[in-house]
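Notes follow once the structure below has been shown.
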Protein chains: 2
Amino acid sequence: MKRIGFVLKVKQELIEEYKAHHRNVWPEMLEALSAAGWHNYSLFLREDGLLFGYFETPVSLEQAVAEMEKTEVNARWQAMMSPYFELPPGARPDQMFVELECVFHLD
Amino acid sequence: MKRIGFVLKVKQELIEEYKAHHRNVWPEMLEALSAAGWHNYSLFLREDGLLFGYFETPVSLEQAVAEMEKTEVNARWQAMMSPYFELPPGARPDQMFVELECVFHLD
């Protein structure tokens, strides 16, 4: 199982809306994530909108993202989420993850 | 089990040294962390030195830090690590964790 860490930046003025969406993620999106190998997945937010994602997967970040890209629900979710992030115009959040290097682990 | 996310900032010019220390954390430090309730603990580093920590604990970040403060090995480790971080002079890294809010979780 590989441990993945990544960052994105949520627009500070949209943090509350972003959080509300994530209290009510569509059940079909959750099912798609599980089926695509996203396990023990958490999102953490700093007050300025820095978003840190952590999950565990048998594959890589690229492969886990590619598995999600095969699903119709992911396209809808990413389109809805796109305006919440500081990204180049038209970019999809799941294609702009900045992966971090895991430099320490203790079970 | 509570999931904790926190950030710190490693000085960019000391990243390689920081990483080397974390490939060889003292066994007694690892044992102290486990005994103090730091489980599934990973550290992730961005190229600019942003450091993200993730761990799972039955207590809180404050309590997990307080448990480590009771150990002698933690004082030695924090003193050694202190120069690697962008912190106020004299501050101990484990007292400057910025805790992030967990806004989403999927098992």
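Chain labels run A, B, ... following the order of the structure tokens; each chain numbers its residues from 1, and ligands are numbered from 1 in the order shown.
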*Could you write out as a ChimeraX atom specification the residues of chain B within 8 Å of chain A, counting only C-alpha atoms?*
/B:5,19,22-23,30,39-47,52,54,99-107
DSSP on the backbone, strand (DSSP E) only: what residues of chain B does that give? Format it as a PyMOL selection string.
chain B and resi 2-9+39-45+50-57+98-99+101-106
Could you jot down the atom CA of A:Asp48 to atom CA of B:Gln12 separation for me, Å, one decimal place?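 Going from atom CA of A:Asp48 over to atom CA of B:Gln12 covers 21.3 Å.
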- Between atom CA of B:Trp77 and atom CA of B:Met29, what is the distance, to one decimal in Å?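 Separation between atom CA of B:Trp77 and atom CA of B:Met29: 7.6 Å.
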task: Name the residues of chain B that come out as helix (DSSP H, G or I) in a backbone DSSP run; write them as a PyMOL selection string.
output: chain B and resi 12-23+27-35+61-69+72-84+93-95
Go ahead and write the selection's residues with N, CA and C atoms as a CSV table (one decimal), in the first residue's frame.
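result_35.csv written:
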```csv
chain,number,residue,atom,x,y,z
B,12,GLN,N,14.6,25.6,3.1
B,12,GLN,CA,14.8,25.0,1.8
B,12,GLN,C,16.2,24.5,1.6
B,13,GLU,N,17.2,25.3,2.1
B,13,GLU,CA,18.6,24.9,1.9
B,13,GLU,C,19.0,23.7,2.8
B,14,LEU,N,18.1,23.3,3.7
B,14,LEU,CA,18.5,22.2,4.6
B,14,LEU,C,17.6,21.0,4.3
B,15,ILE,N,16.9,21.0,3.2
B,15,ILE,CA,16.0,19.9,2.9
B,15,ILE,C,16.7,18.5,2.8
B,16,GLU,N,17.8,18.5,2.1
B,16,GLU,CA,18.5,17.2,2.0
B,16,GLU,C,19.0,16.6,3.3
B,17,GLU,N,19.5,17.5,4.2
B,17,GLU,CA,19.9,17.1,5.5
B,17,GLU,C,18.8,16.6,6.3
B,18,TYR,N,17.7,17.4,6.2
B,18,TYR,CA,16.4,17.0,7.0
B,18,TYR,C,16.0,15.6,6.6
B,19,LYS,N,16.0,15.3,5.3
B,19,LYS,CA,15.6,14.0,4.8
B,19,LYS,C,16.5,12.9,5.3
B,20,ALA,N,17.8,13.2,5.3
B,20,ALA,CA,18.7,12.2,5.7
B,20,ALA,C,18.5,11.8,7.2
B,21,HIS,N,18.2,12.8,8.0
B,21,HIS,CA,17.9,12.5,9.4
B,21,HIS,C,16.7,11.6,9.5
B,22,HIS,N,15.7,11.9,8.6
B,22,HIS,CA,14.5,11.1,8.7
B,22,HIS,C,14.5,9.7,8.1
B,23,ARG,N,15.6,9.5,7.4
B,23,ARG,CA,15.8,8.1,7.0
B,23,ARG,C,16.4,7.2,8.1
B,27,PRO,N,16.0,4.6,16.9
B,27,PRO,CA,15.0,3.6,17.4
B,27,PRO,C,14.2,4.0,18.6
B,28,GLU,N,14.9,4.7,19.6
B,28,GLU,CA,14.2,5.0,20.8
B,28,GLU,C,13.2,6.2,20.6
B,29,MET,N,13.5,7.0,19.6
B,29,MET,CA,12.5,8.0,19.2
B,29,MET,C,11.2,7.4,18.6
B,30,LEU,N,11.4,6.4,17.7
B,30,LEU,CA,10.3,5.7,17.1
B,30,LEU,C,9.5,4.9,18.2
B,31,GLU,N,10.2,4.3,19.1
B,31,GLU,CA,9.5,3.6,20.2
B,31,GLU,C,8.7,4.6,21.1
B,32,ALA,N,9.3,5.8,21.3
B,32,ALA,CA,8.6,6.8,22.2
B,32,ALA,C,7.3,7.3,21.4
B,33,LEU,N,7.4,7.5,20.1
B,33,LEU,CA,6.2,7.9,19.3
B,33,LEU,C,5.1,6.9,19.4
B,34,SER,N,5.5,5.6,19.2
B,34,SER,CA,4.4,4.6,19.2
B,34,SER,C,3.8,4.5,20.6
B,35,ALA,N,4.6,4.6,21.6
B,35,ALA,CA,4.1,4.5,23.0
B,35,ALA,C,3.2,5.7,23.3
B,61,LEU,N,-4.0,16.2,19.0
B,61,LEU,CA,-2.6,16.6,18.7
B,61,LEU,C,-2.0,17.1,19.9
B,62,GLU,N,-2.7,17.9,20.7
B,62,GLU,CA,-2.1,18.5,21.9
B,62,GLU,C,-1.7,17.4,22.9
B,63,GLN,N,-2.5,16.4,23.0
B,63,GLN,CA,-2.2,15.3,24.0
B,63,GLN,C,-1.1,14.5,23.5
B,64,ALA,N,-1.1,14.2,22.2
B,64,ALA,CA,0.0,13.4,21.6
B,64,ALA,C,1.3,14.1,21.8
B,65,VAL,N,1.3,15.4,21.6
B,65,VAL,CA,2.6,16.2,21.8
B,65,VAL,C,3.0,16.2,23.2
B,66,ALA,N,2.0,16.3,24.1
B,66,ALA,CA,2.2,16.4,25.6
B,66,ALA,C,2.8,15.0,26.0
B,67,GLU,N,2.3,13.9,25.5
B,67,GLU,CA,2.9,12.6,25.8
B,67,GLU,C,4.3,12.5,25.5
B,68,MET,N,4.7,13.0,24.3
B,68,MET,CA,6.1,13.0,23.8
B,68,MET,C,7.0,13.9,24.7
B,69,GLU,N,6.4,15.0,25.2
B,69,GLU,CA,7.1,15.9,26.0
B,69,GLU,C,7.6,15.3,27.3
B,72,GLU,N,12.5,11.9,27.5
B,72,GLU,CA,13.8,12.6,27.4
B,72,GLU,C,14.3,12.6,26.0
B,73,VAL,N,14.0,11.5,25.2
B,73,VAL,CA,14.5,11.4,23.9
B,73,VAL,C,13.9,12.5,23.0
B,74,ASN,N,12.6,12.9,23.3
B,74,ASN,CA,12.0,13.9,22.4
B,74,ASN,C,12.7,15.2,22.6
B,75,ALA,N,13.1,15.6,23.8
B,75,ALA,CA,13.8,16.8,24.0
B,75,ALA,C,15.1,16.9,23.2
B,76,ARG,N,15.8,15.8,23.2
B,76,ARG,CA,17.0,15.7,22.4
B,76,ARG,C,16.7,15.8,20.9
B,77,TRP,N,15.7,15.1,20.4
B,77,TRP,CA,15.3,15.1,19.0
B,77,TRP,C,14.9,16.5,18.6
B,78,GLN,N,14.0,17.1,19.4
B,78,GLN,CA,13.5,18.5,19.0
B,78,GLN,C,14.7,19.5,19.0
B,79,ALA,N,15.6,19.4,19.9
B,79,ALA,CA,16.8,20.3,19.9
B,79,ALA,C,17.6,20.1,18.6
B,80,MET,N,17.7,18.9,18.2
B,80,MET,CA,18.5,18.6,17.0
B,80,MET,C,17.8,19.1,15.7
B,81,MET,N,16.4,19.0,15.7
B,81,MET,CA,15.6,19.3,14.6
B,81,MET,C,15.4,20.8,14.5
B,82,SER,N,15.4,21.5,15.6
B,82,SER,CA,15.0,22.9,15.6
B,82,SER,C,15.6,23.8,14.5
B,83,PRO,N,17.0,23.7,14.3
B,83,PRO,CA,17.6,24.5,13.3
B,83,PRO,C,17.1,24.3,11.8
B,84,TYR,N,16.4,23.2,11.6
B,84,TYR,CA,16.0,22.9,10.2
B,84,TYR,C,14.7,23.6,9.8
B,93,PRO,N,10.2,22.7,17.4
B,93,PRO,CA,9.3,22.4,16.3
B,93,PRO,C,8.0,21.8,16.8
B,94,ASP,N,8.0,20.9,17.8
B,94,ASP,CA,6.8,20.3,18.2
B,94,ASP,C,5.8,21.2,19.0
B,95,GLN,N,6.3,22.4,19.3
B,95,GLN,CA,5.3,23.4,19.9
B,95,GLN,C,4.8,24.4,18.9
```
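Atom CA of A:Trp26 is positioned 28.7 Å from atom CA of B:Pro58.
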Need the shell around A:Phe85: protein/DNA/RNA residues with any atom at most 6 Å away, counting only C-alpha atoms. Skip same-chain ones fewer than 6 positions apart. Format as a PyMOL selection string? chain A and resi 9-11
